[in-house]
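Undergrad: First the structure, then my questions, so here it is.
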There are 2 protein chains.
Amino acid sequence: MTSAVLAQIDAYIDEHLPATIDELARLCALPSVSAQGQGMDTGAQFVRDMFIHRDFATETMSTAGYPVVVAQATGSSASTLLFYNHYDVQPPEPLELWESPPFELTRRTDENDMAILVARGVADDKGELMSRLAAIDAVRSVLGDLPCNVKFLVEGEEEISSPNLPDFIEQHRELRQADACIWEFGGVNYQDISVQYLGLRGICYVELTAQTATLDAHSGLAGSIFPNAAWRLTWALNTLKGPDEHIRIPGFYDAVVPPSPRDLGLLGVLPDEAERYQETYGITQFLKDLSDTELRREEVFVPTCTICGLTSGYQGPGSKTVLPAQASAKIDFRLVPDQDPADIVDKLCTHLNAEGFSDIEVTYLGGGRPARTDPDHPFVSMVREIAADVYGSEMLVCPMIGGSGPNYPFIHHLNVPISTAGVNYPGGRVHAPNENIRVNDFVRAAKHIARIIVGMRDLNV
Amino acid sequence: MTSAVLAQIDAYIDEHLPATIDELARLCALPSVSAQGQGMDTGAQFVRDMFIHRDFATETMSTAGYPVVVAQATGSSASTLLFYNHYDVQPPEPLELWESPPFELTRRTDENDMAILVARGVADDKGELMSRLAAIDAVRSVLGDLPCNVKFLVEGEEEISSPNLPDFIEQHRELRQADACIWEFGGVNYQDISVQYLGLRGICYVELTAQTATLDAHSGLAGSIFPNAAWRLTWALNTLKGPDEHIRIPGFYDAVVPPSPRDLGLLGVLPDEAERYQETYGITQFLKDLSDTELRREEVFVPTCTICGLTSGYQGPGSKTVLPAQASAKIDFRLVPDQDPADIVDKLCTHLNAEGFSDIEVTYLGGGRPARTDPDHPFVSMVREIAADVYGSEMLVCPMIGGSGPNYPFIHHLNVPISTAGVNYPGGRVHAPNENIRVNDFVRAAKHIARIIVGMRDLNV
C-alpha cells in the first residue's frame with residue numbers, strides 16, 4: 001500500500017469528521033443502560049441500522065439477555081477481521097456531577113485546550129464503534145472495496161459482565177471464520193503512547209452468607225449464647241486469606257501459569273504508575289512493599305481474593321445493641337491463566353466445609369476465564385508496528401491487565417488473536433460523570449483502524 | 001402493719017384506678033423521644049408537675065443532655081427509698097405497625113381477654129412511674145403520711161444509654177441519702193411469677209474502623225497491590241475471638257468475679273427459656289451446645305464480644321468490583337463484675353497494636369460498668385417476700401441479667417441496694433409497636449410498691 005493511498009484515507013476521515021461526529025451524537029443520545037434495562041431495543045436497532053446503511057449483512061440475534069447485533073461485509077481477500085464492541089453503557093448517575101446532559105454529545109475543550117466530546121458511552125464504547133465505521137467508510141471510498149472481510153459482534157451486556165456472550169459465541173459457529181479480532185477498548189496512556197493490551201484476568205464473583213437465626217436478637221440477651229452471623233462470616237473469611245496475602249484455599253494456585261521471560265521483559269519497559277496510584281488513591285504503601293517491575297508483575301499476573309463488600313447488623317451512626325442473624329460478603333477472585341472460575345468455586349466450597357464452615361452459603365454471582373494473546377502473533381505485531389504511522393511510535397505492549405472481560409471465548413473458542421486499538425485516554429472518566437474522548441484520539445484511532453484493515457490483506461494468518 | 005390497713009390501701013388503688021389511668025394517658029400523650037430530640041422539655045415539665053401536685057420538693061436539674069427531674073417527700077421514719085425512673089421513650093417507628101396511635105393511650109383486651117393499655121412508653125417507663133405515684137397516693141391517703149422518705153430520680157436519657165447519669169449522680173451528693181432503690185423496670189415472667197432482677201452486665205461499645213486509601217479502587221486494578229480495608233478489618237476482628245468463643249484480648253478476663261454457689265443455686269431454679277429462644281429466634285443450637293443451668297450461667301455471668309454490625313464497600317444486589325477504602329465494625333462487649341469498660345478499651349487498643357493492627361481506629365461509643373446487689377440484703381429480701389401478698393408467691397430471684405443499665409453509680413456511688421418491682425409482662429412489646437401493659441399488672445405493681453414503702457419503716461437498713 002502506498003503512502004499516497006493512506007494519505008487519501010486519512011484525508012477522507014478528516015473531511016468526513018463532522019458527519020461522523022453527527023452520527024456519533026445520535027448514537028450517544030440513546031440511553032442504552034443495560035444495568036437499568038432502559039433504551040436497549042432502540043440502541044440495538046440504531047446500531048443495526050448503522051450497519052444496514054453501510055450494506056453490511058446484518059442480523060439482530062437474541063440471547064437469554066439483550067440481543068447481539070452481528071454484521072458482516074465481504075472484502076477482496078480471504079482474511080477476516082472481527083471487531084468486538086458493545087452498545088450498552090453504564091448508568092449516568094450521579095446526574096448532578098455532569099456538566100452537560102449525559103445523553104447529549106457536547107463538544108468542549110479540556111484544561112489543555114484540546115477539543116473533547118462529552119457523553120455517557122462516548123468513550124465506552126460508542127466512540128470506539130464509530131471510529132471503526134469511520135475507518136471502514138474511508139477505506140471503501142478510497143479503495144473502492146474492503147481489502148479483507150469485516151465482521152462486527154456488538155453485544156448489549158458488556159457493562160453487566162457479558163453473562164450471555166460465551167454461550168452465544170459457543171452456539172454461533174459461523175463466527176469462527178475470523179482470523180483476528182480488535183477488542184472493544186484501547187487508546188493512549190499518560191505519556192500519549194498507544195498501548196496494546198493483550199490479556200485480561202478472569203473473574204469469579206461470589207457472595208458468602210451466614211444465617212444463624214431467623215431474627216436479630218438483643219446483644220444483652222444473646223451475646224453469650226446465640227451464634228452470631230457476623231462472627232461466623234468473619235471467621236470463614238479469615239480462612240481464605242491472611243495478612244501475608246496468600247490465598248489459603250487448597251489447590252487455588254494449581255492452574256496458575258507464571259509469566260514468561262518475554263512477559264517480564266514487556267512489563268519491564270512499561271511506565272511506573274506507582275506514584276500516580278499513590279496520589280490518586282492516597283495509598284502510602286503497596287502490599288508487600290512492592291515496587292517497580294515486581295509491582296507491575298503482581299498487579300496482573302497474580303490471582304486475587306478481594307472483599308468487595310461486607311454487610312451485617314447495624315450500620316448507622318452511634319450504637320445499637322443487636323446480635324445479627326445474617327451477614328454477607330461480596331468476594332471477587334481475579335484469575336490468571338489457566339484458572340477456571342467453576343473450579344475455584346468448587347475448591348472454595350470444599351475448603352469452607354473442611355474448615356468447619358458448611359453453614360456459610362456460597363452464591364456464584366458470575367465470572368469468566370482469563371485469556372491472553374501471544375505478543376508475538378503476526379497480527380498483533382502488525383497492529384503494533386503500523387501504529388507508528390499514526391501515533392509516532394509503535395504501540396507499547398501490556399501483556400496482561402488486572403481487569404476482566406469476555407476475551408476467553410474469542411481466544412479459545414474462535415481461536416483468534418486479539419489486540420486493542422481505540423479512542424481512549426486516561427482523562428476519559430470512563431464509567432464516571434463527564435465521560436469523554438479527545439477528538440484527536442478519535443481521529444487517530446480511525447486512521448489506525450484503517451491501516452489495520454488494509455494490513456489484513458497481506459497478513460499471513 | 002395490719003392486713004386491714006393494707007386492704008384499705010389496696011381499695012384506694014382500685015377505686016382511684018380510672019383517675020390514675022387518666023393521668024397516665026396524659027403522660028403517654030407526650031412524645032418524649034430522646035433519640036429524636038422531640039418533646040423532651042414538655043415531658044420533663046409534665047413529670048415535674050406530677051410531683052409538685054403531690055407536694056414533693058421538686059427540681060428540674062440540668063445535665064450535659066436532657067434534664068433530670070429530682071423530687072423528694074419527707075416521711076415519718078428515717079428510712080429513705082429512692083425510685084429510679086425515666087421520662088424518655090423509644091422512637092415509635094415503624095408507625096404502620098401500630099394498631100392505635102402510639103401517643104394515644106388505648107384500652108383494649110388481649111388474646112386472653114385481659115384488659116391492656118397500649119401506648120409508646122406505657123411499659124417503658126411511664127406506667128412504672130405512674131404505678132409508683134398511685135402507690136404513694138394510696139399510702140398517704142390511708143396512713144395520713146408516708147412511712148419513709150421517698151425520693152425520685154427521673155432522667156431523660158435512659159433510652160439512649162444514660163450518657164450523663166453517672167456524672168450527674170457523682171456531682172449531686174445529696175442523692176446519697178437513700179437506703180434502698182427500686183429500679184425503673186420489673187414485672188412478671190411467662191409463668192406469671194414476679195421476678196426480682198438484681199444485677200446488670202456492663203457494656204463497652206466500640207467501633208473499629210480501617211481506612212486504607214482515600215478512594216475506593218477498581219478491584220481489577222488494585223486487587224493484588226492495594227491494601228484492602230475490609231480485609232484489614234476482618235483480620236483484626238479475627239484476633240479478638242475465635243470459634244471457641246474465647247476472647248483473646250490479653251487480660252480481658254482478669255477482673256471477672258465468677259458466680260458464687262448462691263448465684264448458681266438461684267440460676268438453678270429459674271425456668272428454662274431454651275425452647276422459647278429456639279422458637280422465637282429459629283436457633284437450632286446454642287453456642288458450645290449449652291443447656292439448662294450452664295446455659296443460664298453463660299447467658300449472664302460470662303462477658304461477651306459481639307459484632308453488632310459490619311459495613312464496607314458494595315452491599316447492594318449482584319456484584320460490583322470494588323476494593324473498599326474503608327470498613328468498620330460495631331462491637332459490643334458485655335461485662336461482668338468487676339470489669340471496667342475504660343480498662344477494656346485500653347486492653348483492646350494494646351492488643352490490636354501488638355497484633356499488628358495499629359492502623360485500626362478504635363472509637364469508644366459509650367459504656368457503663370456492671371453492678372449487682374446482694375440477693376440476701378435485708379431490703380431485697382423484704383421486697384421479695386412481701387410480693388407473695390400481691391402475687392401469690394415470693395419473687396423469683398434472677399441474680400444477673402444479660403442486658404445493661406446505669407445501676408453501677410447507684411450501687412457503688414450511692415451505696416444503695418437495688419431491687420426491681422414493676423408493671424411489665426413478657427407480652428409487653430417493649431421498644432416495639434403496640435407496647436402495652438396489662439391493667440392487672442399495673443394494679444399489682446402499685447400494691448406491691450405500697451407494701452415496699454410501708455415495709456421501709458421497719459426495715460433495719
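Each chain in the C-alpha cells gets a letter, A, B and so on, in the order shown; residues start at 1 in every chain, and ligands are counted from 1 in the order they appear.
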Within 6 Å of chain B, which residues belong to chain A? Use only C-alpha atoms and report them as a short mmCIF file (atom, residue, chain, number, x, y, z; two decimals) with C-alpha atoms, in the first residue's frame.

TA:
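Result saved to result02.cif:
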```cif
data_model
loop_
_atom_site.label_atom_id
_atom_site.label_comp_id
_atom_site.auth_asym_id
_atom_site.auth_seq_id
_atom_site.Cartn_x
_atom_site.Cartn_y
_atom_site.Cartn_z
CA ALA A 213 -31.14 -17.28 63.28
CA THR A 214 -34.42 -16.07 61.81
CA LEU A 215 -34.41 -12.79 63.77
CA GLY A 220 -27.53 -8.33 76.02
CA LEU A 221 -29.81 -11.33 75.92
CA GLY A 223 -24.34 -12.31 73.24
CA SER A 224 -23.03 -15.29 75.22
CA ILE A 225 -25.33 -17.99 73.96
CA PHE A 226 -26.59 -17.38 70.39
CA PRO A 227 -24.45 -17.98 67.33
CA THR A 234 -15.54 -13.12 59.86
CA TYR A 281 -5.83 6.82 45.97
CA GLY A 282 -3.88 8.15 48.94
CA ILE A 283 -2.02 4.84 49.27
CA PHE A 286 1.64 -1.14 48.41
CA LEU A 287 1.04 -4.67 49.62
CA GLU A 299 -0.66 -6.27 39.69
CA THR A 304 -6.54 -12.16 43.96
CA THR A 306 -10.76 -9.22 47.25
CA CYS A 308 -15.65 -6.03 47.72
CA GLY A 309 -18.30 -5.58 50.41
CA LEU A 310 -19.34 -6.56 53.92
CA THR A 311 -22.78 -6.17 55.42
CA SER A 312 -24.33 -7.23 58.70
CA GLY A 313 -26.46 -5.88 61.52
CA TYR A 314 -26.46 -2.23 62.50
CA GLN A 315 -24.53 0.16 60.27
CA VAL A 322 -28.05 -6.06 68.19
CA LEU A 323 -26.78 -9.57 67.51
CA GLY A 402 -5.77 -6.61 36.02
CA GLY A 403 -9.35 -6.21 34.83
#
```

Undergrad: Could you give me, as a PDB file with N, CA and C atoms, in the first residue's frame, the residues within 8 Å of stretch 63-76 of chain A, counting only C-alpha atoms and dropping anything in the same chain fewer than 2 positions from it?

TA:
```pdb
ATOM      1  N   MET A  40     -32.674  -0.248  25.546  1.00  0.00           N
ATOM      2  CA  MET A  40     -31.832  -1.280  24.940  1.00  0.00           C
ATOM      3  C   MET A  40     -32.299  -1.643  23.525  1.00  0.00           C
ATOM      4  N   ALA A  44     -30.082  -1.189  20.124  1.00  0.00           N
ATOM      5  CA  ALA A  44     -29.742  -2.283  19.205  1.00  0.00           C
ATOM      6  C   ALA A  44     -30.205  -1.941  17.785  1.00  0.00           C
ATOM      7  N   VAL A  47     -27.912   0.643  16.079  1.00  0.00           N
ATOM      8  CA  VAL A  47     -26.644   0.033  15.654  1.00  0.00           C
ATOM      9  C   VAL A  47     -26.875  -0.833  14.408  1.00  0.00           C
ATOM     10  N   ARG A  48     -27.952  -1.618  14.428  1.00  0.00           N
ATOM     11  CA  ARG A  48     -28.284  -2.428  13.251  1.00  0.00           C
ATOM     12  C   ARG A  48     -28.399  -1.535  12.009  1.00  0.00           C
ATOM     13  N   PHE A  51     -25.211  -0.376  10.372  1.00  0.00           N
ATOM     14  CA  PHE A  51     -24.577  -1.385   9.501  1.00  0.00           C
ATOM     15  C   PHE A  51     -25.363  -1.561   8.194  1.00  0.00           C
ATOM     16  N   ASP A  55     -24.449  -1.306   3.968  1.00  0.00           N
ATOM     17  CA  ASP A  55     -24.532  -2.536   3.167  1.00  0.00           C
ATOM     18  C   ASP A  55     -23.873  -3.745   3.816  1.00  0.00           C
ATOM     19  N   PHE A  56     -23.853  -3.761   5.144  1.00  0.00           N
ATOM     20  CA  PHE A  56     -23.408  -4.975   5.831  1.00  0.00           C
ATOM     21  C   PHE A  56     -24.587  -5.948   5.880  1.00  0.00           C
ATOM     22  N   ALA A  57     -24.294  -7.249   5.772  1.00  0.00           N
ATOM     23  CA  ALA A  57     -25.309  -8.272   6.075  1.00  0.00           C
ATOM     24  C   ALA A  57     -25.472  -8.263   7.590  1.00  0.00           C
ATOM     25  N   THR A  58     -26.627  -7.863   8.037  1.00  0.00           N
ATOM     26  CA  THR A  58     -26.798  -7.531   9.451  1.00  0.00           C
ATOM     27  C   THR A  58     -27.938  -8.340  10.055  1.00  0.00           C
ATOM     28  N   GLU A  59     -27.720  -8.789  11.289  1.00  0.00           N
ATOM     29  CA  GLU A  59     -28.763  -9.545  11.980  1.00  0.00           C
ATOM     30  C   GLU A  59     -28.755  -9.159  13.456  1.00  0.00           C
ATOM     31  N   THR A  60     -29.945  -8.966  14.008  1.00  0.00           N
ATOM     32  CA  THR A  60     -30.050  -8.760  15.447  1.00  0.00           C
ATOM     33  C   THR A  60     -30.425 -10.105  16.053  1.00  0.00           C
ATOM     34  N   MET A  61     -29.526 -10.698  16.775  1.00  0.00           N
ATOM     35  CA  MET A  61     -29.723 -12.072  17.254  1.00  0.00           C
ATOM     36  C   MET A  61     -30.035 -12.082  18.740  1.00  0.00           C
ATOM     37  N   ALA A  78      -9.062 -13.163   1.462  1.00  0.00           N
ATOM     38  CA  ALA A  78      -9.677 -14.233   2.265  1.00  0.00           C
ATOM     39  C   ALA A  78      -9.613 -13.927   3.756  1.00  0.00           C
ATOM     40  N   ASP A 145     -13.313  -0.789  -2.254  1.00  0.00           N
ATOM     41  CA  ASP A 145     -13.632  -2.121  -1.751  1.00  0.00           C
ATOM     42  C   ASP A 145     -12.991  -2.266  -0.367  1.00  0.00           C
ATOM     43  N   LEU A 146     -13.380  -3.318   0.364  1.00  0.00           N
ATOM     44  CA  LEU A 146     -12.682  -3.630   1.616  1.00  0.00           C
ATOM     45  C   LEU A 146     -11.574  -4.628   1.306  1.00  0.00           C
ATOM     46  N   PRO A 147     -10.361  -4.410   1.799  1.00  0.00           N
ATOM     47  CA  PRO A 147      -9.261  -5.339   1.491  1.00  0.00           C
ATOM     48  C   PRO A 147      -9.341  -6.659   2.267  1.00  0.00           C
ATOM     49  N   CYS A 148     -10.283  -6.768   3.240  1.00  0.00           N
ATOM     50  CA  CYS A 148     -10.493  -8.048   3.929  1.00  0.00           C
ATOM     51  C   CYS A 148     -11.967  -8.120   4.311  1.00  0.00           C
ATOM     52  N   ASN A 149     -12.398  -9.329   4.668  1.00  0.00           N
ATOM     53  CA  ASN A 149     -13.766  -9.431   5.198  1.00  0.00           C
ATOM     54  C   ASN A 149     -13.789  -8.778   6.571  1.00  0.00           C
ATOM     55  N   VAL A 150     -14.883  -8.126   6.877  1.00  0.00           N
ATOM     56  CA  VAL A 150     -15.015  -7.472   8.180  1.00  0.00           C
ATOM     57  C   VAL A 150     -16.297  -7.965   8.858  1.00  0.00           C
ATOM     58  N   LYS A 151     -16.142  -8.361  10.113  1.00  0.00           N
ATOM     59  CA  LYS A 151     -17.312  -8.770  10.895  1.00  0.00           C
ATOM     60  C   LYS A 151     -17.379  -7.912  12.156  1.00  0.00           C
ATOM     61  N   PHE A 152     -18.587  -7.671  12.604  1.00  0.00           N
ATOM     62  CA  PHE A 152     -18.794  -6.997  13.888  1.00  0.00           C
ATOM     63  C   PHE A 152     -19.673  -7.875  14.777  1.00  0.00           C
ATOM     64  N   LEU A 153     -19.303  -7.907  16.031  1.00  0.00           N
ATOM     65  CA  LEU A 153     -20.175  -8.511  17.042  1.00  0.00           C
ATOM     66  C   LEU A 153     -20.376  -7.405  18.082  1.00  0.00           C
ATOM     67  N   VAL A 154     -21.591  -6.879  18.159  1.00  0.00           N
ATOM     68  CA  VAL A 154     -21.862  -5.753  19.058  1.00  0.00           C
ATOM     69  C   VAL A 154     -22.893  -6.226  20.082  1.00  0.00           C
ATOM     70  N   GLU A 155     -22.425  -6.455  21.286  1.00  0.00           N
ATOM     71  CA  GLU A 155     -23.339  -7.007  22.298  1.00  0.00           C
ATOM     72  C   GLU A 155     -23.953  -5.912  23.156  1.00  0.00           C
ATOM     73  N   GLY A 156     -24.939  -6.274  23.989  1.00  0.00           N
ATOM     74  CA  GLY A 156     -25.655  -5.301  24.820  1.00  0.00           C
ATOM     75  C   GLY A 156     -25.509  -5.554  26.310  1.00  0.00           C
ATOM     76  N   GLU A 157     -24.513  -6.353  26.691  1.00  0.00           N
ATOM     77  CA  GLU A 157     -24.410  -6.702  28.118  1.00  0.00           C
ATOM     78  C   GLU A 157     -22.976  -6.600  28.644  1.00  0.00           C
ATOM     79  N   ASN A 164     -24.226 -13.553  28.874  1.00  0.00           N
ATOM     80  CA  ASN A 164     -24.697 -14.469  27.830  1.00  0.00           C
ATOM     81  C   ASN A 164     -23.764 -14.579  26.631  1.00  0.00           C
ATOM     82  N   PHE A 168     -23.420 -17.498  23.598  1.00  0.00           N
ATOM     83  CA  PHE A 168     -23.764 -17.014  22.263  1.00  0.00           C
ATOM     84  C   PHE A 168     -22.663 -17.387  21.264  1.00  0.00           C
TER      85      PHE A 168
END
```

Undergrad: Return the single residue from A:Val5, A:Leu165, A:Ala388, A:Cys398 that is closest to A:Arg140, with distances computed using only C-alpha atoms.

TA: A:Val5

Undergrad: Would you kindly return, as a list in words, each protein, DNA or RNA residue with an atom no farther than 10 Å from any atom of B:Ala387, considering only C-alpha atoms and excluding same-chain residues fewer than 4 positions away?

TA: Ile193, Ser194, Val195, Gln196, Met382, Val383, Tyr391, Gly392, Ser393, Glu394, Met395, Leu396, Ala421, Arg444, Ala445, Lys447, His448, Ile449, Arg451 and Ile452 of chain B

Undergrad: For the alpha helix (DSSP H) assignment from backbone DSSP, which residues of stretch 46-210 of chain B qualify? Please present them as a PyMOL selection string.

TA: chain B and resi 46-53+127-143+165-171

Undergrad: Output the selection as a tab-separated table (two decimals), in the first residue's frame - C-alpha atoms for each residue.

TA:
```
chain	number	residue	atom	x	y	z
B	46	PHE	CA	-45.21	17.26	82.96
B	47	VAL	CA	-43.31	14.90	85.27
B	48	ARG	CA	-42.20	17.84	87.43
B	49	ASP	CA	-45.83	18.95	87.73
B	50	MET	CA	-46.92	15.44	88.74
B	51	PHE	CA	-44.59	15.70	91.73
B	52	ILE	CA	-45.41	19.32	92.58
B	53	HIS	CA	-49.09	18.44	92.53
B	127	GLY	CA	-46.54	3.02	83.51
B	128	GLU	CA	-43.85	2.18	86.07
B	129	LEU	CA	-43.64	5.81	87.21
B	130	MET	CA	-47.43	6.14	87.39
B	131	SER	CA	-47.82	2.90	89.40
B	132	ARG	CA	-45.37	4.24	91.95
B	133	LEU	CA	-47.22	7.54	92.28
B	134	ALA	CA	-50.51	5.63	92.61
B	135	ALA	CA	-48.99	3.63	95.47
B	136	ILE	CA	-47.75	6.80	97.20
B	137	ASP	CA	-51.19	8.47	96.84
B	138	ALA	CA	-52.84	5.42	98.42
B	139	VAL	CA	-50.37	5.08	101.30
B	140	ARG	CA	-50.61	8.78	102.14
B	141	SER	CA	-54.38	8.77	101.99
B	142	VAL	CA	-54.79	5.74	104.27
B	143	LEU	CA	-51.90	6.42	106.71
B	165	LEU	CA	-26.36	9.97	84.53
B	166	PRO	CA	-23.15	8.67	86.16
B	167	ASP	CA	-21.68	12.21	86.22
B	168	PHE	CA	-24.97	13.62	87.45
B	169	ILE	CA	-25.06	11.20	90.37
B	170	GLU	CA	-21.40	11.79	91.14
B	171	GLN	CA	-22.00	15.57	91.25
```

Undergrad: Could you tell me how far atom CA of B:Met400 lies from atom CA of B:Gly422, in Å and to one decimal?

TA: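 Result for atom CA of B:Met400 versus atom CA of B:Gly422: 16.9 Å, one decimal.
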
Undergrad: Closest to A:Asp292 among A:Val118, A:Ala274, A:Leu352, A:Val33, using only C-alpha atoms?

TA: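 Closest candidate: A:Ala274.
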
Undergrad: In stretch 14-222 of chain A, what's strand (DSSP E or B) per DSSP? Answer as JSON, numbers by chain?

TA: {"A": [33, 38, 57, 58, 59, 60, 61, 68, 69, 70, 71, 72, 73, 80, 81, 82, 83, 84, 85, 86, 89, 106, 107, 108, 109, 115, 116, 117, 118, 149, 150, 151, 152, 153, 154, 155, 180, 181, 182, 187, 188, 194, 195, 196, 197, 199, 200, 202, 203, 204, 205, 206, 207, 208, 209, 210, 211, 217, 218]}

Undergrad: How would the residues just picked look written out with C-alpha atoms as a PDB file, in the first residue's frame?

TA:
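Listing of again20.pdb after writing:
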```
ATOM      1  CA  VAL A  33     -28.211   1.424  30.063  1.00  0.00           C
ATOM      2  CA  GLN A  38     -33.790   1.107  29.560  1.00  0.00           C
ATOM      3  CA  ALA A  57     -25.309  -8.272   6.075  1.00  0.00           C
ATOM      4  CA  THR A  58     -26.798  -7.531   9.451  1.00  0.00           C
ATOM      5  CA  GLU A  59     -28.763  -9.545  11.980  1.00  0.00           C
ATOM      6  CA  THR A  60     -30.050  -8.760  15.447  1.00  0.00           C
ATOM      7  CA  MET A  61     -29.723 -12.072  17.254  1.00  0.00           C
ATOM      8  CA  VAL A  68     -26.343  -9.133  19.844  1.00  0.00           C
ATOM      9  CA  VAL A  69     -26.018  -7.228  16.563  1.00  0.00           C
ATOM     10  CA  VAL A  70     -23.938  -9.251  14.102  1.00  0.00           C
ATOM     11  CA  ALA A  71     -22.849  -7.644  10.823  1.00  0.00           C
ATOM     12  CA  GLN A  72     -20.501  -8.672   8.063  1.00  0.00           C
ATOM     13  CA  ALA A  73     -19.162  -7.293   4.800  1.00  0.00           C
ATOM     14  CA  THR A  80     -11.374 -11.791   8.075  1.00  0.00           C
ATOM     15  CA  LEU A  81     -11.130  -9.181  10.800  1.00  0.00           C
ATOM     16  CA  LEU A  82     -13.626  -9.296  13.671  1.00  0.00           C
ATOM     17  CA  PHE A  83     -14.499  -6.270  15.798  1.00  0.00           C
ATOM     18  CA  TYR A  84     -15.950  -6.787  19.252  1.00  0.00           C
ATOM     19  CA  ASN A  85     -17.973  -3.807  20.536  1.00  0.00           C
ATOM     20  CA  HIS A  86     -20.978  -3.180  22.749  1.00  0.00           C
ATOM     21  CA  VAL A  89     -23.424   1.936  28.577  1.00  0.00           C
ATOM     22  CA  THR A 106     -21.301  18.027  23.880  1.00  0.00           C
ATOM     23  CA  ARG A 107     -18.141  19.442  22.344  1.00  0.00           C
ATOM     24  CA  ARG A 108     -15.885  21.261  24.784  1.00  0.00           C
ATOM     25  CA  THR A 109     -12.201  21.935  25.328  1.00  0.00           C
ATOM     26  CA  ALA A 115     -11.272  19.520  21.824  1.00  0.00           C
ATOM     27  CA  ILE A 116     -13.236  16.813  23.670  1.00  0.00           C
ATOM     28  CA  LEU A 117     -16.598  15.142  23.165  1.00  0.00           C
ATOM     29  CA  VAL A 118     -18.563  14.511  26.346  1.00  0.00           C
ATOM     30  CA  ASN A 149     -13.766  -9.431   5.198  1.00  0.00           C
ATOM     31  CA  VAL A 150     -15.015  -7.472   8.180  1.00  0.00           C
ATOM     32  CA  LYS A 151     -17.312  -8.770  10.895  1.00  0.00           C
ATOM     33  CA  PHE A 152     -18.794  -6.997  13.888  1.00  0.00           C
ATOM     34  CA  LEU A 153     -20.175  -8.511  17.042  1.00  0.00           C
ATOM     35  CA  VAL A 154     -21.862  -5.753  19.058  1.00  0.00           C
ATOM     36  CA  GLU A 155     -23.339  -7.007  22.298  1.00  0.00           C
ATOM     37  CA  ALA A 180      -8.106 -11.808  14.155  1.00  0.00           C
ATOM     38  CA  CYS A 181     -10.024  -9.533  16.458  1.00  0.00           C
ATOM     39  CA  ILE A 182      -9.887  -5.926  17.576  1.00  0.00           C
ATOM     40  CA  GLY A 187      -6.061   4.038  23.435  1.00  0.00           C
ATOM     41  CA  VAL A 188      -3.123   6.003  24.721  1.00  0.00           C
ATOM     42  CA  SER A 194      -0.723   3.984  22.254  1.00  0.00           C
ATOM     43  CA  VAL A 195      -0.871   0.784  24.321  1.00  0.00           C
ATOM     44  CA  GLN A 196      -1.618  -2.716  23.141  1.00  0.00           C
ATOM     45  CA  TYR A 197      -3.371  -4.704  25.869  1.00  0.00           C
ATOM     46  CA  GLY A 199      -4.639 -10.240  28.176  1.00  0.00           C
ATOM     47  CA  LEU A 200      -7.419  -9.953  30.723  1.00  0.00           C
ATOM     48  CA  GLY A 202     -10.625 -13.878  34.681  1.00  0.00           C
ATOM     49  CA  ILE A 203     -13.077 -13.273  37.464  1.00  0.00           C
ATOM     50  CA  CYS A 204     -15.049 -15.396  39.902  1.00  0.00           C
ATOM     51  CA  TYR A 205     -17.507 -13.308  41.908  1.00  0.00           C
ATOM     52  CA  VAL A 206     -19.266 -14.922  44.862  1.00  0.00           C
ATOM     53  CA  GLU A 207     -21.332 -13.888  47.823  1.00  0.00           C
ATOM     54  CA  LEU A 208     -20.785 -15.639  51.148  1.00  0.00           C
ATOM     55  CA  THR A 209     -23.753 -15.578  53.506  1.00  0.00           C
ATOM     56  CA  ALA A 210     -24.059 -16.638  57.118  1.00  0.00           C
ATOM     57  CA  GLN A 211     -27.510 -17.044  58.629  1.00  0.00           C
ATOM     58  CA  ALA A 217     -31.549 -10.636  68.825  1.00  0.00           C
ATOM     59  CA  HIS A 218     -30.714  -8.209  71.639  1.00  0.00           C
TER      60      HIS A 218
END
```
